[in-house]
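Quick look at target.cif (mmCIF, N, CA and C atoms):
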data_target
loop_
_atom_site.label_atom_id
_atom_site.label_comp_id
_atom_site.auth_asym_id
_atom_site.auth_seq_id
_atom_site.Cartn_x
_atom_site.Cartn_y
_atom_site.Cartn_z
N MET A 1 0.69 8.36 -7.12
CA MET A 1 -0.55 7.58 -7.23
C MET A 1 -0.75 7.20 -8.69
N SER A 2 -1.19 5.99 -8.91
CA SER A 2 -1.38 5.53 -10.27
C SER A 2 -2.54 6.24 -10.94
N ASP A 3 -2.50 6.25 -12.26
CA ASP A 3 -3.57 6.90 -13.02
C ASP A 3 -4.92 6.25 -12.75
N GLU A 4 -4.93 4.93 -12.58
CA GLU A 4 -6.18 4.22 -12.33
C GLU A 4 -6.79 4.63 -10.99
N ARG A 5 -5.96 4.75 -9.97
CA ARG A 5 -6.46 5.16 -8.65
C ARG A 5 -6.95 6.61 -8.69
N THR A 6 -6.27 7.44 -9.44
CA THR A 6 -6.70 8.83 -9.59
C THR A 6 -8.06 8.89 -10.27
N LYS A 7 -8.24 8.08 -11.30
CA LYS A 7 -9.53 8.03 -12.00
C LYS A 7 -10.65 7.60 -11.06
N VAL A 8 -10.36 6.58 -10.26
CA VAL A 8 -11.36 6.09 -9.30
C VAL A 8 -11.72 7.20 -8.33
N SER A 9 -10.72 7.89 -7.79
CA SER A 9 -10.98 8.97 -6.82
C SER A 9 -11.79 10.09 -7.46
N LEU A 10 -11.46 10.44 -8.69
CA LEU A 10 -12.22 11.50 -9.38
C LEU A 10 -13.67 11.08 -9.62
N LYS A 11 -13.89 9.82 -9.95
CA LYS A 11 -15.26 9.32 -10.13
C LYS A 11 -16.03 9.34 -8.81
N VAL A 12 -15.37 8.93 -7.73
CA VAL A 12 -16.01 8.94 -6.41
C VAL A 12 -16.39 10.38 -6.05
N ILE A 13 -15.47 11.30 -6.25
CA ILE A 13 -15.74 12.71 -5.93
C ILE A 13 -16.92 13.22 -6.73
N GLY A 14 -16.91 12.99 -8.04
CA GLY A 14 -18.01 13.46 -8.89
C GLY A 14 -19.34 12.85 -8.53
N ASP A 15 -19.38 11.53 -8.38
CA ASP A 15 -20.64 10.85 -8.07
C ASP A 15 -21.17 11.25 -6.70
N HIS A 16 -20.30 11.29 -5.72
CA HIS A 16 -20.74 11.62 -4.36
C HIS A 16 -21.18 13.07 -4.24
N ILE A 17 -20.47 13.98 -4.89
CA ILE A 17 -20.88 15.39 -4.82
C ILE A 17 -22.25 15.56 -5.46
N ARG A 18 -22.48 14.88 -6.57
CA ARG A 18 -23.79 14.97 -7.22
C ARG A 18 -24.88 14.49 -6.27
N ALA A 19 -24.64 13.37 -5.61
CA ALA A 19 -25.63 12.84 -4.65
C ALA A 19 -25.82 13.79 -3.48
N VAL A 20 -24.72 14.31 -2.96
CA VAL A 20 -24.77 15.23 -1.81
C VAL A 20 -25.56 16.49 -2.16
N VAL A 21 -25.31 17.04 -3.32
CA VAL A 21 -26.03 18.26 -3.75
C VAL A 21 -27.52 18.01 -3.75
N HIS A 22 -27.95 16.88 -4.29
CA HIS A 22 -29.38 16.59 -4.35
C HIS A 22 -29.97 16.27 -2.97
N MET A 23 -29.19 15.61 -2.14
CA MET A 23 -29.68 15.33 -0.79
C MET A 23 -29.91 16.61 0.00
N ILE A 24 -28.94 17.53 -0.07
CA ILE A 24 -29.08 18.79 0.66
C ILE A 24 -30.21 19.62 0.05
N ALA A 25 -30.32 19.60 -1.27
CA ALA A 25 -31.41 20.32 -1.93
C ALA A 25 -32.77 19.79 -1.49
N ASP A 26 -32.83 18.51 -1.15
CA ASP A 26 -34.08 17.90 -0.67
C ASP A 26 -34.31 18.14 0.82
N GLY A 27 -33.42 18.89 1.47
CA GLY A 27 -33.63 19.27 2.86
C GLY A 27 -32.92 18.42 3.89
N ILE A 28 -32.07 17.52 3.46
CA ILE A 28 -31.34 16.68 4.40
C ILE A 28 -30.11 17.45 4.87
N SER A 29 -29.84 17.39 6.17
CA SER A 29 -28.62 18.00 6.69
C SER A 29 -27.82 16.93 7.41
N ALA A 30 -26.52 17.11 7.43
CA ALA A 30 -25.62 16.11 8.01
C ALA A 30 -25.89 15.96 9.51
N SER A 31 -25.90 14.72 9.96
CA SER A 31 -26.10 14.42 11.37
C SER A 31 -25.52 13.05 11.66
N ASN A 32 -25.78 12.54 12.83
CA ASN A 32 -25.27 11.22 13.20
C ASN A 32 -26.33 10.13 13.11
N ILE A 33 -27.50 10.45 12.57
CA ILE A 33 -28.55 9.44 12.46
C ILE A 33 -29.21 9.48 11.08
N GLY A 34 -29.69 8.34 10.65
CA GLY A 34 -30.48 8.22 9.44
C GLY A 34 -29.84 8.78 8.19
N ARG A 35 -30.67 9.48 7.41
CA ARG A 35 -30.21 10.05 6.14
C ARG A 35 -29.11 11.07 6.35
N GLY A 36 -29.15 11.77 7.46
CA GLY A 36 -28.11 12.74 7.77
C GLY A 36 -26.75 12.09 7.94
N TYR A 37 -26.75 10.88 8.48
CA TYR A 37 -25.50 10.14 8.65
C TYR A 37 -24.94 9.72 7.29
N ILE A 38 -25.82 9.29 6.41
CA ILE A 38 -25.39 8.91 5.06
C ILE A 38 -24.78 10.12 4.36
N LEU A 39 -25.42 11.27 4.49
CA LEU A 39 -24.90 12.50 3.90
C LEU A 39 -23.51 12.81 4.46
N ARG A 40 -23.36 12.74 5.77
CA ARG A 40 -22.06 13.02 6.39
C ARG A 40 -20.99 12.07 5.87
N ARG A 41 -21.31 10.79 5.78
CA ARG A 41 -20.33 9.81 5.29
C ARG A 41 -19.95 10.08 3.83
N LEU A 42 -20.90 10.46 3.01
CA LEU A 42 -20.60 10.78 1.61
C LEU A 42 -19.67 11.99 1.51
N ILE A 43 -19.95 13.02 2.28
CA ILE A 43 -19.09 14.21 2.26
C ILE A 43 -17.69 13.85 2.72
N ARG A 44 -17.58 13.09 3.77
CA ARG A 44 -16.25 12.71 4.28
C ARG A 44 -15.50 11.84 3.28
N ARG A 45 -16.21 11.02 2.57
CA ARG A 45 -15.55 10.19 1.54
C ARG A 45 -15.04 11.06 0.40
N VAL A 46 -15.79 12.07 0.03
CA VAL A 46 -15.33 13.03 -0.99
C VAL A 46 -14.04 13.69 -0.53
N VAL A 47 -14.03 14.16 0.70
CA VAL A 47 -12.84 14.84 1.24
C VAL A 47 -11.65 13.87 1.26
N ARG A 48 -11.89 12.65 1.70
CA ARG A 48 -10.81 11.66 1.77
C ARG A 48 -10.23 11.36 0.39
N HIS A 49 -11.10 11.21 -0.59
CA HIS A 49 -10.61 10.95 -1.95
C HIS A 49 -9.89 12.17 -2.52
N GLY A 50 -10.31 13.35 -2.13
CA GLY A 50 -9.58 14.55 -2.53
C GLY A 50 -8.17 14.53 -1.99
N ARG A 51 -8.02 14.15 -0.74
CA ARG A 51 -6.69 14.05 -0.12
C ARG A 51 -5.84 13.00 -0.82
N LEU A 52 -6.47 11.89 -1.21
CA LEU A 52 -5.73 10.82 -1.88
C LEU A 52 -5.11 11.27 -3.20
N ILE A 53 -5.75 12.21 -3.86
CA ILE A 53 -5.19 12.69 -5.14
C ILE A 53 -4.46 14.02 -4.98
N GLY A 54 -4.23 14.43 -3.73
CA GLY A 54 -3.39 15.59 -3.49
C GLY A 54 -4.08 16.93 -3.34
N ILE A 55 -5.39 16.93 -3.19
CA ILE A 55 -6.11 18.19 -2.99
C ILE A 55 -6.00 18.57 -1.52
N GLU A 56 -5.45 19.73 -1.25
CA GLU A 56 -5.33 20.24 0.12
C GLU A 56 -6.34 21.37 0.32
N GLY A 57 -6.78 21.54 1.55
CA GLY A 57 -7.74 22.62 1.83
C GLY A 57 -9.15 22.23 1.42
N GLU A 58 -10.05 23.18 1.59
CA GLU A 58 -11.46 22.94 1.27
C GLU A 58 -11.69 23.04 -0.24
N PHE A 59 -12.44 22.12 -0.78
CA PHE A 59 -12.69 22.10 -2.22
C PHE A 59 -14.10 21.67 -2.61
N THR A 60 -14.85 21.11 -1.67
CA THR A 60 -16.14 20.51 -2.02
C THR A 60 -17.13 21.53 -2.57
N THR A 61 -17.06 22.76 -2.08
CA THR A 61 -18.03 23.76 -2.56
C THR A 61 -17.78 24.11 -4.03
N GLN A 62 -16.52 24.11 -4.43
CA GLN A 62 -16.22 24.40 -5.84
C GLN A 62 -16.75 23.31 -6.76
N VAL A 63 -16.57 22.06 -6.33
CA VAL A 63 -17.07 20.94 -7.12
C VAL A 63 -18.60 20.96 -7.12
N ALA A 64 -19.19 21.30 -5.98
CA ALA A 64 -20.65 21.37 -5.88
C ALA A 64 -21.22 22.44 -6.80
N GLU A 65 -20.54 23.56 -6.92
CA GLU A 65 -21.01 24.62 -7.83
C GLU A 65 -21.05 24.12 -9.26
N SER A 66 -20.08 23.31 -9.65
CA SER A 66 -20.10 22.71 -11.00
C SER A 66 -21.26 21.73 -11.14
N ALA A 67 -21.48 20.92 -10.11
CA ALA A 67 -22.59 19.96 -10.15
C ALA A 67 -23.93 20.67 -10.23
N ILE A 68 -24.05 21.78 -9.51
CA ILE A 68 -25.29 22.57 -9.55
C ILE A 68 -25.51 23.12 -10.96
N ALA A 69 -24.46 23.68 -11.53
CA ALA A 69 -24.56 24.26 -12.88
C ALA A 69 -24.93 23.21 -13.91
N LEU A 70 -24.40 22.01 -13.77
CA LEU A 70 -24.67 20.94 -14.74
C LEU A 70 -26.08 20.36 -14.60
N SER A 71 -26.67 20.44 -13.42
CA SER A 71 -27.96 19.79 -13.21
C SER A 71 -29.13 20.75 -13.05
N GLU A 72 -28.88 22.05 -13.05
CA GLU A 72 -29.95 23.00 -12.74
C GLU A 72 -31.07 23.04 -13.78
N VAL A 73 -30.78 22.70 -15.02
CA VAL A 73 -31.84 22.70 -16.04
C VAL A 73 -32.85 21.60 -15.74
N ALA A 74 -32.35 20.42 -15.45
CA ALA A 74 -33.25 19.29 -15.15
C ALA A 74 -33.82 19.37 -13.74
N TYR A 75 -33.04 19.94 -12.81
CA TYR A 75 -33.45 20.01 -11.41
C TYR A 75 -33.27 21.45 -10.90
N PRO A 76 -34.22 22.33 -11.19
CA PRO A 76 -34.06 23.74 -10.81
C PRO A 76 -33.98 23.97 -9.29
N ASN A 77 -34.44 23.01 -8.49
CA ASN A 77 -34.38 23.19 -7.04
C ASN A 77 -32.94 23.24 -6.52
N VAL A 78 -31.99 22.66 -7.25
CA VAL A 78 -30.61 22.71 -6.77
C VAL A 78 -30.07 24.14 -6.83
N ARG A 79 -30.47 24.89 -7.84
CA ARG A 79 -30.03 26.29 -7.91
C ARG A 79 -30.75 27.11 -6.84
N GLU A 80 -32.03 26.81 -6.63
CA GLU A 80 -32.79 27.54 -5.61
C GLU A 80 -32.22 27.31 -4.21
N ARG A 81 -31.66 26.13 -3.98
CA ARG A 81 -31.12 25.77 -2.66
C ARG A 81 -29.60 25.88 -2.59
N GLU A 82 -29.01 26.56 -3.57
CA GLU A 82 -27.56 26.65 -3.66
C GLU A 82 -26.92 27.18 -2.37
N THR A 83 -27.49 28.21 -1.78
CA THR A 83 -26.92 28.78 -0.56
C THR A 83 -26.88 27.75 0.57
N ALA A 84 -27.96 27.00 0.73
CA ALA A 84 -28.00 25.97 1.76
C ALA A 84 -27.01 24.84 1.46
N ILE A 85 -26.89 24.48 0.20
CA ILE A 85 -25.97 23.42 -0.21
C ILE A 85 -24.53 23.81 0.12
N ILE A 86 -24.15 25.01 -0.30
CA ILE A 86 -22.79 25.49 -0.07
C ILE A 86 -22.50 25.62 1.43
N ALA A 87 -23.45 26.15 2.18
CA ALA A 87 -23.26 26.33 3.62
C ALA A 87 -23.08 24.98 4.32
N GLU A 88 -23.90 24.00 3.97
CA GLU A 88 -23.81 22.68 4.59
C GLU A 88 -22.47 22.01 4.25
N LEU A 89 -22.06 22.11 3.00
CA LEU A 89 -20.78 21.52 2.61
C LEU A 89 -19.61 22.19 3.33
N GLN A 90 -19.64 23.51 3.43
CA GLN A 90 -18.57 24.23 4.12
C GLN A 90 -18.49 23.80 5.58
N ARG A 91 -19.64 23.72 6.22
CA ARG A 91 -19.69 23.34 7.63
C ARG A 91 -19.15 21.93 7.85
N GLU A 92 -19.60 21.01 7.05
CA GLU A 92 -19.19 19.61 7.22
C GLU A 92 -17.72 19.40 6.86
N GLU A 93 -17.29 19.98 5.75
CA GLU A 93 -15.90 19.79 5.34
C GLU A 93 -14.95 20.43 6.35
N SER A 94 -15.28 21.63 6.80
CA SER A 94 -14.45 22.31 7.79
C SER A 94 -14.35 21.50 9.07
N GLY A 95 -15.47 20.99 9.54
CA GLY A 95 -15.47 20.17 10.75
C GLY A 95 -14.66 18.90 10.59
N PHE A 96 -14.78 18.26 9.45
CA PHE A 96 -14.04 17.03 9.20
C PHE A 96 -12.54 17.30 9.12
N LEU A 97 -12.16 18.41 8.48
CA LEU A 97 -10.74 18.76 8.40
C LEU A 97 -10.16 19.03 9.78
N LYS A 98 -10.94 19.65 10.66
CA LYS A 98 -10.48 19.87 12.04
C LYS A 98 -10.30 18.55 12.77
N THR A 99 -11.21 17.62 12.53
CA THR A 99 -11.10 16.30 13.14
C THR A 99 -9.84 15.59 12.66
N LEU A 100 -9.56 15.68 11.37
CA LEU A 100 -8.35 15.06 10.83
C LEU A 100 -7.10 15.68 11.43
N GLU A 101 -7.09 16.99 11.61
CA GLU A 101 -5.92 17.66 12.19
C GLU A 101 -5.72 17.24 13.65
N ARG A 102 -6.81 17.13 14.41
CA ARG A 102 -6.70 16.67 15.79
C ARG A 102 -6.14 15.25 15.85
N GLY A 103 -6.55 14.42 14.90
CA GLY A 103 -6.04 13.06 14.84
C GLY A 103 -4.56 13.02 14.55
N LYS A 104 -4.10 13.89 13.65
CA LYS A 104 -2.66 13.95 13.34
C LYS A 104 -1.88 14.43 14.56
N LEU A 105 -2.41 15.41 15.26
CA LEU A 105 -1.75 15.94 16.45
C LEU A 105 -1.67 14.86 17.53
N LEU A 106 -2.76 14.16 17.76
CA LEU A 106 -2.77 13.10 18.76
C LEU A 106 -1.78 11.99 18.40
N GLU A 107 -1.74 11.64 17.14
CA GLU A 107 -0.80 10.62 16.67
C GLU A 107 0.64 11.07 16.92
N GLU A 108 0.93 12.32 16.66
CA GLU A 108 2.27 12.87 16.88
C GLU A 108 2.63 12.84 18.37
N ILE A 109 1.70 13.27 19.22
CA ILE A 109 1.94 13.28 20.66
C ILE A 109 2.19 11.87 21.19
N LEU A 110 1.34 10.93 20.76
CA LEU A 110 1.50 9.55 21.22
C LEU A 110 2.79 8.93 20.72
N SER A 111 3.19 9.27 19.51
CA SER A 111 4.44 8.76 18.97
C SER A 111 5.64 9.26 19.77
N LYS A 112 5.63 10.56 20.10
CA LYS A 112 6.72 11.12 20.90
C LYS A 112 6.74 10.52 22.30
N ALA A 113 5.56 10.36 22.88
CA ALA A 113 5.48 9.79 24.22
C ALA A 113 5.96 8.34 24.21
N HIS A 114 5.61 7.61 23.17
CA HIS A 114 6.03 6.22 23.07
C HIS A 114 7.55 6.12 22.97
N ASN A 115 8.17 7.04 22.21
CA ASN A 115 9.62 7.03 22.07
C ASN A 115 10.32 7.35 23.39
N LYS A 116 9.73 8.21 24.20
CA LYS A 116 10.35 8.63 25.46
C LYS A 116 10.01 7.69 26.62
N PHE A 117 8.77 7.19 26.62
CA PHE A 117 8.31 6.38 27.75
C PHE A 117 7.59 5.12 27.24
N PRO A 118 8.30 4.21 26.58
CA PRO A 118 7.62 3.04 26.00
C PRO A 118 6.89 2.18 27.02
N ALA A 119 7.46 1.98 28.19
CA ALA A 119 6.80 1.14 29.20
C ALA A 119 5.51 1.79 29.69
N LEU A 120 5.57 3.10 29.90
CA LEU A 120 4.38 3.83 30.36
C LEU A 120 3.28 3.78 29.29
N MET A 121 3.66 3.94 28.02
CA MET A 121 2.67 3.90 26.94
C MET A 121 2.06 2.50 26.83
N HIS A 122 2.87 1.46 27.04
CA HIS A 122 2.35 0.08 27.01
C HIS A 122 1.32 -0.11 28.12
N LEU A 123 1.64 0.39 29.31
CA LEU A 123 0.71 0.30 30.43
C LEU A 123 -0.57 1.07 30.12
N PHE A 124 -0.44 2.27 29.57
CA PHE A 124 -1.60 3.10 29.22
C PHE A 124 -2.52 2.35 28.27
N PHE A 125 -1.97 1.77 27.20
CA PHE A 125 -2.81 1.07 26.22
C PHE A 125 -3.38 -0.23 26.79
N THR A 126 -2.66 -0.88 27.68
CA THR A 126 -3.18 -2.08 28.33
C THR A 126 -4.40 -1.72 29.19
N ILE A 127 -4.28 -0.67 29.96
CA ILE A 127 -5.41 -0.21 30.79
C ILE A 127 -6.56 0.23 29.91
N LEU A 128 -6.25 1.00 28.87
CA LEU A 128 -7.29 1.51 27.98
C LEU A 128 -8.08 0.37 27.33
N THR A 129 -7.39 -0.65 26.85
CA THR A 129 -8.10 -1.76 26.20
C THR A 129 -8.82 -2.65 27.20
N ALA A 130 -8.32 -2.74 28.42
CA ALA A 130 -8.95 -3.58 29.43
C ALA A 130 -10.29 -3.00 29.88
N PHE A 131 -10.39 -1.68 29.95
CA PHE A 131 -11.60 -1.05 30.47
C PHE A 131 -12.48 -0.44 29.39
N HIS A 132 -12.15 -0.66 28.16
CA HIS A 132 -12.94 -0.06 27.07
C HIS A 132 -14.00 -0.96 26.60
#
As structure tokens, the full file:
Amino acid sequence: MSDERTKVSLKVIGDHIRAVVHMIADGISASNIGRGYILRRLIRRVVRHGRLIGIEGEFTTQVAESAIALSEVAYPNVRERETAIIAELQREESGFLKTLERGKLLEEILSKAHNKFPALMHLFFTILTAFH
């Protein structure tokens, strides 16, 4: 990966983690609606950019701890809500990583099936797209 892309990913990770820390400190939790959806999307973008620069495994809580330490003087509520922040990040990142793994597994299964039964897979996708 080029140095410029790495810089962009690092900036995205830093900016998004800072926003996520403050959102969770304000009582927002990840969900599929409203502000919770925005929080979920920001966390997932952090994870994705981490993967782009080669970070494997869970890492958001470590970055969040740095963000908390850097902002606690100006915003003491982030330190007070640290446990909730870390718990929410762990839950969301873990869930997203499981989703990514299921996607890789499904892709692998479909690829093998396509190699063995191309006509059947074509029929399957034709039916799937026709009724979706």
Name all residues at most 7 Å from stretch 55-70 of chain A (count all atoms listed in the file; drop same-chain ones fewer than 6 positions away) and give them as a list in words.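 Contacts, in chain order: Ile17, Arg18, Val21, His49, Val78, Arg79, Ile86, Leu89, Gln90, Glu93 and Ser94 of chain A.
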Explicit residue set for the PyMOL selection byres (((chain A and resi 53 and name CA) around 9) and name CA), as a list in words: Met1, Arg5, Thr6, Ser9, Leu10, Arg48, His49, Gly50, Arg51, Leu52, Gly54 and Ile55 of chain A
Who sits within 12 Å of A:Ala30, only C-alpha atoms, same chain under 4 positions skipped, as JSON, numbers by chain: {"A": [20, 21, 23, 24, 34, 35, 36, 37, 38, 39, 40, 41, 42, 43, 44, 84, 85, 87, 88, 89, 90, 91, 92, 93, 95, 96]}
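Taking atom C of A:Val46 and atom CA of A:Ile13 as the two end points, the separation is 5.7 Å.
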Mind giving me the straight-line distance from atom CA of A:Tyr75 to atom C of A:Asp26 in Å, one decimal?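 Straight-line distance from atom CA of A:Tyr75 to atom C of A:Asp26 works out to 12.4 Å.
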Which distance in Å separates atom CA of A:His22 and atom CA of A:Thr83, to one decimal?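 Separation of atom CA of A:His22 and atom CA of A:Thr83: 13.0 Å.
Closest approach to A:Ala25 from the set A:Glu80, A:Leu100, A:Ala130, A:Lys7 is made by A:Glu80, with distances taken over only C-alpha atoms.
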